[in-house]
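Have a look at coords-v2.txt below; it lists compact mmCIF, C-alpha atoms.
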```
# COMPACT_ATOMS: atom_id res chain seq x y z
CA MET A 20 17.49 -6.36 17.09
CA THR A 21 20.86 -7.81 16.13
CA GLY A 22 23.84 -5.99 17.55
CA GLY A 23 21.96 -3.66 19.91
CA LYS A 24 20.79 -4.39 23.42
CA ILE A 25 17.10 -3.53 23.54
CA LYS A 26 15.57 -6.29 25.60
CA GLY A 27 16.84 -6.61 29.12
CA GLU A 28 18.19 -3.04 29.36
CA SER A 29 17.02 -1.45 32.61
CA LYS A 30 19.46 1.38 33.35
CA ILE A 31 17.80 4.76 32.91
CA THR A 32 19.96 7.84 32.36
CA MET A 33 18.79 11.46 32.53
CA ILE A 34 20.08 13.19 29.38
CA PRO A 35 19.83 16.90 28.44
CA VAL A 36 17.38 17.36 25.55
CA PHE A 37 19.90 19.46 23.58
CA GLN A 38 22.25 16.46 23.40
CA ILE A 39 19.62 14.30 21.64
CA SER A 40 19.39 14.57 17.86
CA GLU A 41 16.54 13.34 15.67
CA ASN A 42 16.92 10.05 13.85
CA LYS A 43 17.39 10.63 10.11
CA SER A 44 15.36 7.51 9.43
CA GLN A 45 12.33 8.73 11.38
CA PRO A 46 9.41 8.00 9.01
CA ARG A 47 7.00 10.36 10.75
CA LYS A 48 6.81 13.68 8.92
CA HIS A 49 3.62 15.14 10.38
CA TYR A 50 2.89 15.85 14.03
CA ASN A 51 -0.51 16.87 15.33
CA ARG A 52 0.10 20.02 17.39
CA SER A 53 -3.05 19.50 19.41
CA ASP A 54 -2.03 15.96 20.34
CA LEU A 55 1.47 17.14 21.29
CA LYS A 56 -0.06 19.81 23.50
CA TYR A 57 -2.20 17.24 25.35
CA LEU A 58 0.82 14.94 25.72
CA ALA A 59 2.84 17.88 27.11
CA GLN A 60 0.09 18.55 29.67
CA SER A 61 0.12 14.90 30.67
CA ILE A 62 3.90 14.98 31.07
CA GLU A 63 3.63 18.08 33.25
CA LEU A 64 1.20 16.24 35.55
CA ASN A 65 2.62 12.71 35.50
CA GLY A 66 6.16 12.97 34.18
CA ILE A 67 7.61 10.77 31.42
CA ILE A 68 6.50 7.27 32.40
CA GLN A 69 8.17 5.43 29.51
CA PRO A 70 11.84 6.36 28.92
CA LEU A 71 13.13 7.22 25.49
CA ILE A 72 15.57 4.92 23.69
CA VAL A 73 18.72 6.49 22.28
CA ARG A 74 22.08 5.35 20.96
CA ASP A 75 25.35 6.93 21.95
CA VAL A 76 27.03 8.71 19.05
CA SER A 77 29.76 10.25 21.24
CA ASN A 78 30.27 11.15 24.90
CA PHE A 79 27.99 14.17 24.57
CA GLU A 80 25.74 13.27 21.65
CA TYR A 81 22.88 10.81 21.35
CA GLU A 82 20.62 9.81 18.49
CA LEU A 83 16.95 9.16 19.19
CA ILE A 84 15.64 5.70 18.32
CA SER A 85 12.25 5.66 20.01
CA GLY A 86 10.22 8.43 21.64
CA GLU A 87 10.04 11.28 19.13
CA ARG A 88 6.62 12.53 20.32
CA ARG A 89 7.62 12.22 23.98
CA LEU A 90 10.75 14.26 23.34
CA ARG A 91 8.85 17.00 21.51
CA ALA A 92 6.15 17.10 24.19
CA ALA A 93 8.76 17.20 26.96
CA VAL A 94 10.35 20.27 25.34
CA LEU A 95 6.88 21.87 25.16
CA ALA A 96 6.40 21.07 28.83
CA GLY A 97 9.67 22.84 29.65
CA TYR A 98 11.80 19.77 30.42
CA SER A 99 15.57 20.22 30.20
CA PHE A 100 16.36 16.53 30.89
CA VAL A 101 14.53 13.38 29.80
CA PRO A 102 14.87 9.76 31.02
CA CYS A 103 16.57 7.53 28.45
CA ILE A 104 17.81 4.01 27.95
CA VAL A 105 21.12 4.14 26.09
CA ILE A 106 21.96 1.28 23.75
CA HIS A 107 25.06 0.56 21.70
CA CYS A 108 24.39 -0.16 18.03
CA SER A 109 25.45 0.94 14.56
CA GLU A 110 23.77 3.69 12.56
CA ASN A 111 22.17 1.11 10.25
CA GLN A 112 20.82 -0.92 13.17
CA SER A 113 19.44 2.26 14.70
CA ALA A 114 17.69 3.15 11.45
CA VAL A 115 16.14 -0.31 11.13
CA TYR A 116 14.91 -0.30 14.71
CA THR A 117 13.41 3.19 14.31
CA LEU A 118 11.57 2.16 11.16
CA ILE A 119 10.21 -1.05 12.70
CA GLU A 120 9.22 0.69 15.94
CA ASN A 121 7.26 3.33 14.02
CA ILE A 122 5.59 0.86 11.66
CA GLN A 123 4.04 -0.80 14.70
CA ARG A 124 2.52 2.46 15.93
CA GLU A 125 -1.16 2.96 15.08
CA ASP A 126 -0.94 6.76 15.15
CA LEU A 127 1.59 6.87 12.30
CA ASN A 128 0.17 8.08 8.99
CA PHE A 129 -0.43 5.01 6.78
CA PHE A 130 1.49 6.59 3.91
CA GLU A 131 4.42 7.11 6.26
CA GLN A 132 4.12 3.47 7.33
CA ALA A 133 4.17 2.41 3.67
CA GLN A 134 7.26 4.52 3.04
CA ALA A 135 8.98 3.01 6.09
CA LEU A 136 8.20 -0.49 4.80
CA ASN A 137 9.55 0.43 1.40
CA ARG A 138 12.79 1.69 2.94
CA LEU A 139 13.26 -1.54 4.89
CA ILE A 140 13.01 -3.46 1.60
CA ASN A 141 15.00 -1.20 -0.70
CA GLU A 142 17.65 0.15 1.68
CA TYR A 143 18.09 -2.66 4.20
CA GLY A 144 17.28 -5.79 2.18
CA PHE A 145 14.21 -6.90 4.12
CA THR A 146 11.63 -9.20 2.56
CA VAL A 147 7.86 -8.98 3.08
CA GLU A 148 8.10 -12.21 5.08
CA ARG A 149 10.80 -10.83 7.38
CA ILE A 150 8.88 -7.58 7.94
CA SER A 151 5.79 -9.63 8.77
CA LYS A 152 7.67 -11.59 11.42
CA GLN A 153 9.38 -8.58 13.00
CA THR A 154 6.34 -6.29 13.09
CA GLY A 155 3.61 -8.84 13.82
CA GLN A 156 1.67 -7.86 10.69
CA SER A 157 0.41 -10.36 8.14
CA GLU A 158 2.23 -10.54 4.81
CA LEU A 159 -1.01 -9.51 3.09
CA ASN A 160 -1.26 -6.40 5.24
CA VAL A 161 2.37 -5.49 4.50
CA SER A 162 1.75 -5.93 0.75
CA ASN A 163 -1.43 -3.84 0.91
CA LYS A 164 0.48 -1.09 2.70
CA LEU A 165 3.19 -1.10 0.03
CA ASN A 166 0.52 -0.77 -2.68
CA LEU A 167 -0.44 2.60 -1.20
CA LEU A 168 2.78 4.03 -2.66
CA LYS A 169 1.12 3.86 -6.11
CA PHE A 170 -0.72 7.07 -5.28
CA THR A 171 0.74 10.30 -6.65
CA GLU A 172 1.91 12.99 -4.23
CA GLN A 173 -1.16 15.08 -5.07
CA GLU A 174 -3.44 12.17 -4.25
CA LYS A 175 -1.61 11.48 -0.99
CA SER A 176 -2.04 15.11 0.06
CA LEU A 177 -5.77 15.05 -0.73
CA ILE A 178 -6.27 11.84 1.21
CA THR A 179 -4.23 13.04 4.20
CA ASP A 180 -5.62 16.58 4.29
CA ASN A 181 -9.19 15.26 4.21
CA CYS A 182 -8.47 12.61 6.87
CA LEU A 183 -9.61 9.74 4.64
CA SER A 184 -8.93 6.33 6.16
CA GLU A 185 -6.80 3.57 4.69
CA ARG A 186 -10.02 1.79 3.66
CA TYR A 187 -10.84 4.73 1.40
CA ALA A 188 -7.35 4.62 -0.06
CA ARG A 189 -7.48 0.90 -0.81
CA VAL A 190 -10.84 1.06 -2.56
CA LEU A 191 -9.66 4.03 -4.66
CA LEU A 192 -6.58 2.06 -5.70
CA GLN A 193 -8.86 -0.30 -7.62
CA ILE A 194 -8.88 2.43 -10.28
CA ASN A 195 -5.65 1.95 -12.22
CA ASP A 196 -5.77 5.17 -14.24
CA SER A 197 -4.30 7.89 -12.00
CA ASN A 198 -6.09 10.71 -13.88
CA ILE A 199 -9.50 9.09 -13.42
CA ARG A 200 -8.62 8.20 -9.82
CA LEU A 201 -7.75 11.83 -9.06
CA LYS A 202 -11.10 13.03 -10.46
CA ILE A 203 -12.96 10.50 -8.32
CA LEU A 204 -10.89 11.44 -5.28
CA LYS A 205 -11.75 15.12 -5.75
CA LYS A 206 -15.42 14.21 -6.06
CA VAL A 207 -15.20 12.15 -2.86
CA THR A 208 -13.55 14.96 -0.88
CA GLN A 209 -15.66 17.80 -2.28
CA ASN A 210 -18.93 15.97 -1.65
CA LYS A 211 -17.73 14.36 1.59
CA LEU A 212 -18.84 10.94 0.38
CA SER A 213 -19.01 8.11 2.90
CA TYR A 214 -16.83 5.05 2.48
CA PHE A 215 -19.77 2.99 1.18
CA ASP A 216 -20.77 5.70 -1.33
CA THR A 217 -17.15 5.84 -2.46
CA GLU A 218 -17.02 2.07 -2.85
CA GLU A 219 -20.21 2.10 -4.91
CA LEU A 220 -18.86 4.90 -7.10
CA VAL A 221 -15.62 3.02 -7.73
CA ASN A 222 -17.48 -0.21 -8.48
CA THR A 223 -19.54 1.49 -11.18
CA LEU A 224 -16.29 2.44 -12.88
CA ILE A 225 -14.40 -0.83 -12.63
CA LYS A 226 -17.34 -3.18 -13.31
CA PRO A 227 -18.34 -3.30 -16.99
CA ASP A 228 -21.91 -2.51 -18.05
CA PRO A 229 -23.96 -5.76 -18.39
CA GLU A 230 -25.25 -4.80 -21.84
CA GLU A 231 -21.75 -3.96 -23.07
CA SER A 232 -20.46 -7.24 -21.66
CA ALA A 233 -23.19 -9.16 -23.48
CA ILE A 234 -22.37 -7.40 -26.77
CA SER A 235 -18.68 -8.09 -26.24
CA ARG A 236 -19.34 -11.78 -25.59
CA LYS A 237 -21.55 -11.98 -28.70
CA LYS A 238 -18.76 -10.47 -30.82
CA ILE A 239 -16.33 -13.08 -29.52
CA VAL A 240 -18.74 -15.91 -30.34
CA ILE A 241 -19.35 -14.55 -33.86
CA LYS A 242 -15.61 -14.28 -34.40
CA ASP A 243 -15.16 -17.89 -33.25
CA ILE A 244 -17.93 -19.08 -35.63
CA ARG A 245 -16.31 -17.30 -38.58
CA LEU A 246 -13.01 -18.94 -37.69
CA PHE A 247 -14.82 -22.31 -37.68
CA TYR A 248 -16.31 -21.61 -41.14
CA ASN A 249 -12.90 -20.71 -42.53
CA THR A 250 -11.42 -23.90 -41.08
CA ILE A 251 -14.10 -26.04 -42.78
CA GLU A 252 -13.75 -24.23 -46.11
CA ASN A 253 -9.95 -24.56 -46.08
CA THR A 254 -10.21 -28.26 -45.22
CA VAL A 255 -12.63 -28.90 -48.09
CA LYS A 256 -10.38 -26.93 -50.44
CA ARG A 257 -7.32 -29.03 -49.53
CA MET A 258 -9.28 -32.26 -49.95
CA LYS A 259 -10.19 -31.20 -53.46
CA GLU A 260 -6.59 -30.24 -54.20
CA VAL A 261 -5.37 -33.76 -53.38
CA GLY A 262 -8.05 -35.36 -55.55
CA ILE A 263 -10.74 -36.19 -53.01
CA LYS A 264 -14.14 -35.47 -54.54
CA THR A 265 -16.18 -33.47 -52.08
CA THR A 266 -19.22 -31.25 -52.17
CA GLU A 267 -20.37 -28.87 -49.49
CA GLU A 268 -23.66 -27.20 -48.82
CA LYS A 269 -24.25 -24.37 -46.36
CA THR A 270 -27.73 -23.41 -45.18
CA GLU A 271 -28.24 -20.42 -42.90
CA THR A 272 -31.50 -19.35 -41.21
CA ASP A 273 -32.40 -16.94 -38.40
CA THR A 274 -32.03 -19.69 -35.82
CA PHE A 275 -29.24 -21.97 -37.09
CA VAL A 276 -26.48 -22.61 -39.61
CA GLU A 277 -26.26 -26.03 -41.28
CA TYR A 278 -23.10 -27.15 -42.99
CA ARG A 279 -23.15 -30.40 -45.03
CA ILE A 280 -20.04 -31.98 -46.52
CA LYS A 281 -20.20 -35.02 -48.79
CA ILE A 282 -17.10 -37.09 -49.47
CA HIS A 283 -17.66 -39.25 -52.58
CA LYS A 284 -16.28 -42.76 -52.72
```
Would it be possible to restate this file's structure as structure tokens?
Amino acid sequence: MTGGKIKGESKITMIPVFQISENKSQPRKHYNRSDLKYLAQSIELNGIIQPLIVRDVSNFEYELISGERRLRAAVLAGYSFVPCIVIHCSENQSAVYTLIENIQREDLNFFEQAQALNRLINEYGFTVERISKQTGQSELNVSNKLNLLKFTEQEKSLITDNCLSERYARVLLQINDSNIRLKILKKVTQNKLSYFDTEELVNTLIKPDPEESAISRKKIVIKDIRLFYNTIENTVKRMKEVGIKTTEEKTETDTFVEYRIKIHK
């Protein structure tokens, strides 16, 4: 991270928890209480093995950069002080580092990850390529994550509340119409459809019916043939207009159309 000393810092300082404020750029909005309880129990038994990372705002105030869950669990465990590594960086640099650090965490909600990626692009001028390099994710994966923001808030809540995976979300996004997508999503959650059943359901919607496709192709061919007839008739008409003696004869059966044009010498 430019401007802040992250790598190579080794000094650990014990800081009172009341002096540490949350980072405004923290993308995580939901915390599993059960998981926090287990983490608090682990901290009670083993202590905080990995120190938190904070930045100094003033002599008696620090802003959290990394370690939100550890801080919350430590408070649950009754800790008054927590081990921290203090770095010196600007508010913007702190925000960027917090977003990147959280994007790399597997336990972050994938919608929250997508929102964090979006903030890096829109607020801090990152490109998909730069995010890919700094987070270790492929550019395709970053783009796929950003596509998840196409869901409405209602859809996001349904997906999150029903613990549907990102695979579910991506297959549902193949439906462009949000109203139809919401109906399918409700059907998936109400009937507890598996991922493969969901994929099959979506495919039946986005793939055209074979018979309809055949009829559509036939209509296109007929339209092209009519255009061809008109072209021939217009050509013959112009030839006659400029004095070229021509005769045409059109024969049509169930199996073919024959068009004969005679140009007289």
State, in Å with one decimal place, the distance from CA of Val147 (chain A) to CA of Asn163 (chain A).
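Between CA of Val147 (chain A) and CA of Asn163 (chain A) the gap works out to 10.8 Å.
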Put a box with edges along x, y and z around all the listed atoms of region 31-34 of chain A, pad it by 4 Å on each side, then give me its centre and sizes in Å, one decimal, as AutoDock Vina command-line options.
```
--center_x 18.9 --center_y 9.0 --center_z 31.1 --size_x 10.3 --size_y 16.4 --size_z 11.5
```
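Between Glu87 (chain A) and the residues A:Ser99, A:Thr217, A:Asn42, A:Asn222, the shortest atom-to-atom distance, using only C-alpha atoms, involves A:Asn42.
The shortest atom-to-atom distance to Gln193 (chain A), with only C-alpha atoms taken into account, belongs to A:Leu224 out of A:Leu127, A:Val101, A:Leu168, A:Leu224.
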Contact residues around region 264-274 of chain A with all atoms listed in the file at 12 Å, ignoring same-chain residues under 6 positions, as a PyMOL selection string:
chain A and resi 248+251-258+280-284
Just the selected residues (C-alpha atoms), exported as a PDB file, keeping the file's coordinate frame, please.
```
ATOM      1  CA  TYR A 248     -16.310 -21.610 -41.140  1.00  0.00           C
ATOM      2  CA  ILE A 251     -14.100 -26.040 -42.780  1.00  0.00           C
ATOM      3  CA  GLU A 252     -13.750 -24.230 -46.110  1.00  0.00           C
ATOM      4  CA  ASN A 253      -9.950 -24.560 -46.080  1.00  0.00           C
ATOM      5  CA  THR A 254     -10.210 -28.260 -45.220  1.00  0.00           C
ATOM      6  CA  VAL A 255     -12.630 -28.900 -48.090  1.00  0.00           C
ATOM      7  CA  LYS A 256     -10.380 -26.930 -50.440  1.00  0.00           C
ATOM      8  CA  ARG A 257      -7.320 -29.030 -49.530  1.00  0.00           C
ATOM      9  CA  MET A 258      -9.280 -32.260 -49.950  1.00  0.00           C
ATOM     10  CA  ILE A 280     -20.040 -31.980 -46.520  1.00  0.00           C
ATOM     11  CA  LYS A 281     -20.200 -35.020 -48.790  1.00  0.00           C
ATOM     12  CA  ILE A 282     -17.100 -37.090 -49.470  1.00  0.00           C
ATOM     13  CA  HIS A 283     -17.660 -39.250 -52.580  1.00  0.00           C
ATOM     14  CA  LYS A 284     -16.280 -42.760 -52.720  1.00  0.00           C
TER      15      LYS A 284
END
```
Distance query region 62-74 of chain A at most 7 Å, only C-alpha atoms, self and fewer than 4 positions along chain excluded, as a list in words
Leu58, Tyr81, Glu82, Leu83, Ile84, Ser85, Gly86, Ala93, Ala96, Pro102, Cys103, Ile104, Val105, Ile106, His107 and Cys108 of chain A
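Shortest separation to Val94 (chain A) among A:Glu277, A:Tyr116, A:Ile39, A:Asn128 occurs at residue A:Ile39, atoms counted being only C-alpha atoms.
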